[in-house]
>>> print(open('my_file.cif').read())   # mmCIF, C-alpha atoms and all ligand atoms
data_input
loop_
_atom_site.label_atom_id
_atom_site.label_comp_id
_atom_site.auth_asym_id
_atom_site.auth_seq_id
_atom_site.Cartn_x
_atom_site.Cartn_y
_atom_site.Cartn_z
CA MET A 1 2.00 22.05 64.59
CA ASN A 2 -0.57 21.31 61.94
CA GLU A 3 0.92 23.24 59.06
CA ALA A 4 2.56 21.25 56.25
CA ALA A 5 6.10 20.09 56.98
CA LEU A 6 7.02 20.78 53.36
CA LYS A 7 5.29 22.79 50.69
CA LEU A 8 6.82 23.11 47.23
CA SER A 9 5.01 25.36 44.77
CA GLY A 10 5.81 25.77 41.09
CA ILE A 11 9.41 24.61 41.38
CA THR A 12 11.46 24.82 38.18
CA LYS A 13 15.14 24.03 37.71
CA THR A 14 17.40 24.17 34.66
CA TYR A 15 21.12 23.36 34.81
CA ASN A 16 23.56 25.20 32.54
CA ARG A 17 20.87 27.68 31.59
CA GLY A 18 21.52 29.27 28.19
CA GLN A 19 24.53 27.06 27.54
CA PRO A 20 24.95 24.13 25.14
CA GLY A 21 24.54 21.60 27.97
CA GLU A 22 21.28 23.13 29.21
CA VAL A 23 19.04 20.58 30.89
CA THR A 24 15.64 21.39 32.37
CA VAL A 25 15.03 18.96 35.21
CA LEU A 26 11.96 20.34 37.01
CA ARG A 27 9.09 22.02 35.12
CA GLY A 28 6.68 23.17 37.80
CA VAL A 29 6.65 20.81 40.74
CA ASP A 30 4.02 21.15 43.47
CA LEU A 31 4.17 18.95 46.54
CA THR A 32 2.74 19.25 50.03
CA ILE A 33 3.68 16.84 52.80
CA GLY A 34 1.56 16.99 55.92
CA ALA A 35 2.70 16.47 59.49
CA GLY A 36 3.60 12.84 60.10
CA GLU A 37 3.20 11.86 56.46
CA VAL A 38 5.74 9.54 54.82
CA VAL A 39 5.83 9.92 51.04
CA ALA A 40 7.65 7.74 48.50
CA LEU A 41 9.33 9.52 45.59
CA VAL A 42 9.65 7.19 42.62
CA ALA A 43 11.43 8.13 39.42
CA PRO A 44 13.79 6.67 36.86
CA SER A 45 17.48 7.44 37.31
CA GLY A 46 18.32 10.90 36.00
CA ALA A 47 14.74 12.16 36.35
CA GLY A 48 15.72 14.73 38.96
CA LYS A 49 15.07 13.06 42.33
CA SER A 50 18.28 14.33 43.88
CA THR A 51 17.70 17.81 42.48
CA LEU A 52 14.21 17.86 44.02
CA LEU A 53 15.45 16.58 47.39
CA HIS A 54 18.27 19.16 47.44
CA ILE A 55 15.84 21.97 46.70
CA ALA A 56 13.39 20.70 49.34
CA GLY A 57 16.25 20.49 51.86
CA LEU A 58 17.55 24.00 51.09
CA LEU A 59 20.84 22.71 49.69
CA ASP A 60 20.02 24.11 46.25
CA THR A 61 17.73 26.90 45.04
CA PRO A 62 15.03 26.63 42.38
CA ASP A 63 14.92 28.99 39.39
CA GLU A 64 11.26 29.67 40.12
CA GLY A 65 8.77 28.62 42.73
CA SER A 66 8.83 28.55 46.51
CA VAL A 67 9.88 26.23 49.31
CA GLU A 68 8.14 26.34 52.68
CA ILE A 69 9.19 24.28 55.68
CA SER A 70 6.86 24.22 58.69
CA GLY A 71 4.93 27.13 57.22
CA GLN A 72 8.02 29.32 56.82
CA ARG A 73 8.73 30.53 53.31
CA LEU A 74 12.46 30.04 52.74
CA THR A 75 12.75 31.14 49.13
CA GLY A 76 14.61 34.42 48.91
CA THR A 77 15.86 34.31 52.51
CA SER A 78 19.53 34.65 53.47
CA ASP A 79 22.03 31.77 53.46
CA GLN A 80 22.18 32.04 57.28
CA VAL A 81 18.43 31.58 57.67
CA ARG A 82 18.42 28.68 55.24
CA THR A 83 21.38 26.97 56.92
CA ALA A 84 19.88 27.40 60.40
CA THR A 85 16.52 26.08 59.19
CA ARG A 86 18.17 23.11 57.52
CA ARG A 87 20.15 22.25 60.65
CA ALA A 88 17.21 22.51 62.98
CA GLN A 89 14.39 21.13 60.84
CA VAL A 90 15.73 18.84 58.11
CA GLY A 91 17.46 15.46 58.31
CA PHE A 92 19.16 13.90 55.29
CA VAL A 93 19.96 10.30 54.47
CA TYR A 94 21.80 9.29 51.32
CA GLN A 95 22.39 6.00 49.50
CA PHE A 96 25.89 5.90 50.97
CA HIS A 97 26.16 6.59 54.66
CA HIS A 98 28.62 9.55 54.49
CA LEU A 99 29.53 9.03 58.14
CA LEU A 100 32.74 10.65 59.35
CA PRO A 101 35.23 7.75 59.22
CA GLU A 102 37.48 8.88 62.07
CA PHE A 103 34.61 9.20 64.57
CA SER A 104 32.58 6.54 66.36
CA ALA A 105 28.92 5.85 65.64
CA ALA A 106 27.96 7.80 68.79
CA GLU A 107 30.15 10.76 67.83
CA ASN A 108 28.63 10.81 64.34
CA VAL A 109 25.20 11.24 65.93
CA LEU A 110 26.45 13.72 68.53
CA ILE A 111 28.39 16.13 66.27
CA PRO A 112 25.41 17.59 64.32
CA GLN A 113 23.74 18.37 67.65
CA LEU A 114 26.77 20.34 68.84
CA ALA A 115 26.63 22.29 65.54
CA ASN A 116 22.99 23.06 66.39
CA GLY A 117 23.91 24.42 69.83
CA VAL A 118 22.94 21.43 71.99
CA ALA A 119 25.05 20.91 75.14
CA ARG A 120 27.47 17.99 74.93
CA ALA A 121 25.97 15.86 77.71
CA GLU A 122 22.49 16.20 76.29
CA ALA A 123 23.75 15.45 72.77
CA ALA A 124 25.61 12.36 73.98
CA ALA A 125 22.51 11.09 75.79
CA ARG A 126 20.35 11.58 72.71
CA ALA A 127 22.95 9.80 70.53
CA GLN A 128 22.89 6.80 72.87
CA GLU A 129 19.10 6.78 72.96
CA LEU A 130 18.80 6.88 69.16
CA LEU A 131 21.40 4.14 68.69
CA LYS A 132 19.55 2.04 71.23
CA ARG A 133 16.31 2.47 69.29
CA VAL A 134 17.95 1.05 66.14
CA GLY A 135 19.54 -1.82 68.09
CA LEU A 136 23.11 -0.51 68.00
CA SER A 137 23.86 0.25 71.66
CA ASP A 138 26.70 -2.23 71.67
CA ARG A 139 28.19 -0.71 68.49
CA ALA A 140 28.10 2.92 69.65
CA GLY A 141 31.88 3.08 70.13
CA ASN A 142 32.71 1.56 66.74
CA ARG A 143 33.93 3.56 63.80
CA PRO A 144 31.92 3.21 60.56
CA ALA A 145 34.51 0.88 58.98
CA ALA A 146 33.85 -1.64 61.75
CA LEU A 147 30.10 -1.72 60.99
CA SER A 148 28.17 -3.63 58.32
CA GLY A 149 26.43 -1.72 55.50
CA GLY A 150 23.06 -2.07 57.22
CA GLU A 151 24.48 -0.89 60.53
CA GLN A 152 26.13 2.10 58.84
CA GLN A 153 22.77 3.15 57.40
CA ARG A 154 21.11 2.77 60.80
CA VAL A 155 23.70 5.15 62.24
CA ALA A 156 23.06 7.50 59.32
CA PHE A 157 19.33 7.47 60.22
CA CYS A 158 20.18 8.32 63.83
CA ARG A 159 22.38 11.18 62.66
CA ALA A 160 19.53 12.47 60.47
CA MET A 161 17.19 12.33 63.48
CA ALA A 162 19.68 13.83 65.91
CA ASN A 163 18.30 17.37 65.88
CA VAL A 164 14.65 16.25 66.02
CA PRO A 165 13.85 17.41 62.49
CA ARG A 166 10.35 18.11 61.14
CA LEU A 167 11.31 16.71 57.75
CA LEU A 168 13.41 13.73 56.73
CA LEU A 169 14.70 13.64 53.16
CA ALA A 170 16.17 10.35 51.97
CA ASP A 171 17.78 9.60 48.60
CA GLU A 172 17.54 5.84 48.06
CA PRO A 173 18.51 5.10 51.66
CA THR A 174 18.53 1.34 51.15
CA GLY A 175 19.67 1.35 47.52
CA ASN A 176 23.14 0.08 48.36
CA LEU A 177 22.03 -2.89 50.48
CA ASP A 178 21.09 -6.46 49.62
CA PRO A 179 17.30 -7.08 49.54
CA ALA A 180 17.00 -8.73 52.97
CA THR A 181 19.12 -6.06 54.70
CA SER A 182 17.29 -3.35 52.77
CA ASP A 183 14.00 -4.62 54.12
CA GLN A 184 15.23 -4.71 57.73
CA VAL A 185 16.86 -1.30 57.52
CA PHE A 186 13.72 0.22 56.00
CA GLU A 187 11.67 -1.30 58.82
CA THR A 188 14.05 0.33 61.32
CA LEU A 189 13.56 3.67 59.61
CA MET A 190 9.77 3.36 59.77
CA GLU A 191 9.96 2.44 63.47
CA LEU A 192 12.22 5.40 64.15
CA VAL A 193 9.80 7.77 62.41
CA ALA A 194 6.56 6.27 63.78
CA GLY A 195 4.84 8.33 66.43
CA THR A 196 7.32 11.22 66.20
CA GLY A 197 5.16 13.38 63.90
CA LEU A 198 8.15 13.58 61.56
CA SER A 199 7.34 13.88 57.86
CA ALA A 200 9.47 12.19 55.23
CA LEU A 201 10.12 12.19 51.50
CA ILE A 202 11.95 9.00 50.60
CA ALA A 203 13.24 8.35 47.08
CA THR A 204 13.28 4.69 46.18
CA HIS A 205 13.28 2.36 43.17
CA ASN A 206 11.80 -0.36 45.33
CA MET A 207 8.04 -0.49 44.74
CA ALA A 208 7.50 -2.88 47.65
CA LEU A 209 9.03 -0.29 49.99
CA ALA A 210 7.07 2.52 48.32
CA ALA A 211 3.85 0.59 48.95
CA ARG A 212 4.59 0.64 52.69
CA MET A 213 4.61 4.44 52.81
CA ASP A 214 1.50 6.65 53.15
CA ARG A 215 1.50 7.62 49.46
CA THR A 216 3.64 7.65 46.35
CA VAL A 217 4.51 10.50 44.00
CA ARG A 218 6.25 9.94 40.66
CA LEU A 219 8.64 12.29 38.96
CA ALA A 220 8.80 12.10 35.17
CA ALA A 221 9.49 14.68 32.45
CA GLY A 222 10.00 17.31 35.14
CA ARG A 223 6.58 16.93 36.74
CA LEU A 224 5.21 15.13 39.76
CA SER A 225 2.13 12.97 39.65
CA GLU A 226 0.34 11.17 42.44
CA ASP A 227 -0.32 7.43 42.46
CA SER A 228 -3.97 6.81 43.18
P1 LIG B 301 18.30 11.53 39.83
O1 LIG B 301 18.62 11.81 41.26
O2 LIG B 301 16.84 11.30 39.57
O3 LIG B 301 19.14 10.45 39.24
P2 LIG B 301 19.49 14.16 39.35
O4 LIG B 301 18.65 15.15 40.06
O5 LIG B 301 20.79 13.77 39.96
O6 LIG B 301 18.61 12.87 39.00
O7 LIG B 301 19.82 14.72 37.90
C1 LIG B 301 18.82 15.08 36.96
C2 LIG B 301 19.46 15.56 35.66
O8 LIG B 301 20.15 16.78 35.90
C3 LIG B 301 20.47 14.61 35.08
O9 LIG B 301 20.36 14.66 33.66
C4 LIG B 301 21.79 15.16 35.54
O10 LIG B 301 22.81 14.85 34.63
C5 LIG B 301 21.52 16.66 35.55
N1 LIG B 301 22.30 17.37 36.60
C6 LIG B 301 22.27 17.12 37.92
N2 LIG B 301 23.08 17.97 38.60
C7 LIG B 301 23.64 18.77 37.66
C8 LIG B 301 24.59 19.85 37.69
N3 LIG B 301 25.08 20.31 38.86
N4 LIG B 301 24.93 20.44 36.52
C9 LIG B 301 24.41 20.00 35.36
N5 LIG B 301 23.53 19.00 35.23
C10 LIG B 301 23.15 18.37 36.36
#
>>> encode(input="my_file.cif", output="structure tokens")
Amino acid sequence: MNEAALKLSGITKTYNRGQPGEVTVLRGVDLTIGAGEVVALVAPSGAGKSTLLHIAGLLDTPDEGSVEISGQRLTGTSDQVRTATRRAQVGFVYQFHHLLPEFSAAENVLIPQLANGVARAEAAARAQELLKRVGLSDRAGNRPAALSGGEQQRVAFCRAMANVPRLLLADEPTGNLDPATSDQVFETLMELVAGTGLSALIATHNMALAARMDRTVRLAAGRLSEDS
């Protein structure tokens, strides 16, 4: 698969269009992420990072422009197609882990696979394998509340990777952690992604982390620019 994992063309987005609270967040955003590429998205708070990630991940629709994932144009397709594509091809990680509190770490990684039609035994094996890769084999049976913040995010990464996505979208995945933990957890994420061919768009305020990715794009005044 050599086609771009993600291709955004001419994306615009205005909230509360035509109303007093109208706010134009994206003014023509173009972005292509190649196979295996890890891209940092840097922007001040309120600049529209989350909006862009939600549009890229098919959770929101742009006013204009198109979204392609793995060469498939998703703009204008049905909710079913978009949901199925999101489940099978996109993994999300947020600043807060959003794990299901009443389920164990392993179950949190297993459940999205069941929703994607994977058989239970296979899903359970993949959950164990992913948790092992992030050093959490001995925590697999713990509920999120019994895990540290860094461990919770590691489980959230495993959940995002559970369905072998083409594209990982992360919204400040280490933003809620202390600097040392943030560094370790980021390293784990890079190790998890390395060699899989997975592409990623990772929003961060941390320039040291951004510098460790393949390239950096900046969002300001509704437009993306590339760091040279
Ligand atoms: P960031 O993630 O960079 O902090 P967001 O994408 O969350 O930025 O928000 C960008 C701007 O759009 C902000 O001014 C925010 O208040 C506004 N916004 C976000 N979501 C909505 C919404 N559903 N309705 C109205 N305004 C919104």
>>> residues_near_ligand(input="my_file.cif", ligand="ligand LIG 301 (chain B)", cutoff="12 Å", atoms="only C-alpha atoms and all ligand atoms", output="number ranges by chain")
A: 13-17, 19-26, 41-55, 59-61, 94-95, 170-172, 202-205, 218-222
>>> atom_distance(input="my_file.cif", atom1="atom CA of Phe186 of chain A", atom2="atom CA of Glu151 of chain A")
11.7 Å
>>> closest_residue(input="my_file.cif", among="A:Asn142, A:Gln72, A:Thr196, A:Gln89", to="Glu102 of chain A", atoms="only C-alpha atoms")
A:Asn142
>>> closest_residue(input="my_file.cif", among="A:Gln153, A:Ser225, A:Thr77, A:Thr181", to="Asn108 of chain A", atoms="only C-alpha atoms")
A:Gln153
>>> residues_around(input="my_file.cif", residues="Leu168 of chain A", least_positions_apart="6", cutoff="10 Å", atoms="only C-alpha atoms", output="list in words")
Ala5, Val38, Leu53, Gly57, Gln89, Val90, Gly91, Phe92, Val93, Phe157, Ala160, Met161, Val193, Leu198, Ser199, Ala200, Leu201 and Ile202 of chain A
>>> residues_around(input="my_file.cif", residues="Glu3 of chain A", least_positions_apart="2", cutoff="10 Å", atoms="only C-alpha atoms", output="list in words")
Met1, Ala5, Leu6, Lys7, Ile33, Gly34, Ala35, Ile69, Ser70, Gly71 and Gln72 of chain A
>>> atom_distance(input="my_file.cif", atom1="atom CA of Leu177 of chain A", atom2="atom CA of Gly149 of chain A")
6.8 Å
>>> decode(input="my_file.cif", residues="segment 154-169 of chain A", atoms="N, CA, C and O atoms", output="mmCIF file, in the first residue's frame")
data_model
loop_
_atom_site.group_PDB
_atom_site.id
_atom_site.type_symbol
_atom_site.label_atom_id
_atom_site.label_comp_id
_atom_site.auth_asym_id
_atom_site.auth_seq_id
_atom_site.Cartn_x
_atom_site.Cartn_y
_atom_site.Cartn_z
ATOM 1 N N ARG A 154 -0.612 4.047 28.023
ATOM 2 C CA ARG A 154 -0.080 2.906 27.260
ATOM 3 C C ARG A 154 -1.217 1.972 26.831
ATOM 4 O O ARG A 154 -1.219 1.446 25.716
ATOM 5 N N VAL A 155 -2.147 1.742 27.742
ATOM 6 C CA VAL A 155 -3.303 0.900 27.389
ATOM 7 C C VAL A 155 -4.117 1.585 26.286
ATOM 8 O O VAL A 155 -4.568 0.936 25.331
ATOM 9 N N ALA A 156 -4.257 2.906 26.408
ATOM 10 C CA ALA A 156 -5.015 3.649 25.382
ATOM 11 C C ALA A 156 -4.331 3.519 24.012
ATOM 12 O O ALA A 156 -5.004 3.413 22.983
ATOM 13 N N PHE A 157 -2.998 3.488 23.982
ATOM 14 C CA PHE A 157 -2.283 3.279 22.712
ATOM 15 C C PHE A 157 -2.612 1.888 22.166
ATOM 16 O O PHE A 157 -2.849 1.723 20.967
ATOM 17 N N CYS A 158 -2.571 0.893 23.051
ATOM 18 C CA CYS A 158 -2.872 -0.478 22.610
ATOM 19 C C CYS A 158 -4.282 -0.559 22.047
ATOM 20 O O CYS A 158 -4.515 -1.209 21.021
ATOM 21 N N ARG A 159 -5.218 0.098 22.729
ATOM 22 C CA ARG A 159 -6.601 0.104 22.220
ATOM 23 C C ARG A 159 -6.654 0.736 20.829
ATOM 24 O O ARG A 159 -7.331 0.239 19.928
ATOM 25 N N ALA A 160 -5.921 1.854 20.658
ATOM 26 C CA ALA A 160 -5.924 2.530 19.354
ATOM 27 C C ALA A 160 -5.328 1.642 18.261
ATOM 28 O O ALA A 160 -5.703 1.735 17.097
ATOM 29 N N MET A 161 -4.395 0.768 18.650
ATOM 30 C CA MET A 161 -3.720 -0.098 17.678
ATOM 31 C C MET A 161 -4.447 -1.428 17.481
ATOM 32 O O MET A 161 -4.027 -2.253 16.653
ATOM 33 N N ALA A 162 -5.492 -1.652 18.253
ATOM 34 C CA ALA A 162 -6.096 -2.983 18.329
ATOM 35 C C ALA A 162 -6.548 -3.509 16.971
ATOM 36 O O ALA A 162 -6.372 -4.684 16.662
ATOM 37 N N ASN A 163 -7.133 -2.637 16.158
ATOM 38 C CA ASN A 163 -7.659 -3.092 14.872
ATOM 39 C C ASN A 163 -6.681 -2.873 13.721
ATOM 40 O O ASN A 163 -7.096 -2.802 12.559
ATOM 41 N N VAL A 164 -5.393 -2.785 14.047
ATOM 42 C CA VAL A 164 -4.336 -2.621 13.041
ATOM 43 C C VAL A 164 -4.675 -1.464 12.082
ATOM 44 O O VAL A 164 -4.839 -1.677 10.876
ATOM 45 N N PRO A 165 -4.787 -0.249 12.624
ATOM 46 C CA PRO A 165 -5.194 0.867 11.774
ATOM 47 C C PRO A 165 -4.100 1.260 10.786
ATOM 48 O O PRO A 165 -2.936 0.901 10.965
ATOM 49 N N ARG A 166 -4.491 1.999 9.745
ATOM 50 C CA ARG A 166 -3.507 2.615 8.836
ATOM 51 C C ARG A 166 -3.056 3.959 9.401
ATOM 52 O O ARG A 166 -2.001 4.457 9.068
ATOM 53 N N LEU A 167 -3.948 4.571 10.191
ATOM 54 C CA LEU A 167 -3.736 5.953 10.608
ATOM 55 C C LEU A 167 -4.023 6.097 12.100
ATOM 56 O O LEU A 167 -5.088 5.706 12.571
ATOM 57 N N LEU A 168 -3.039 6.664 12.804
ATOM 58 C CA LEU A 168 -3.229 6.952 14.230
ATOM 59 C C LEU A 168 -3.372 8.461 14.393
ATOM 60 O O LEU A 168 -2.537 9.217 13.893
ATOM 61 N N LEU A 169 -4.432 8.879 15.073
ATOM 62 C CA LEU A 169 -4.644 10.302 15.331
ATOM 63 C C LEU A 169 -4.587 10.510 16.836
ATOM 64 O O LEU A 169 -5.308 9.846 17.591
#
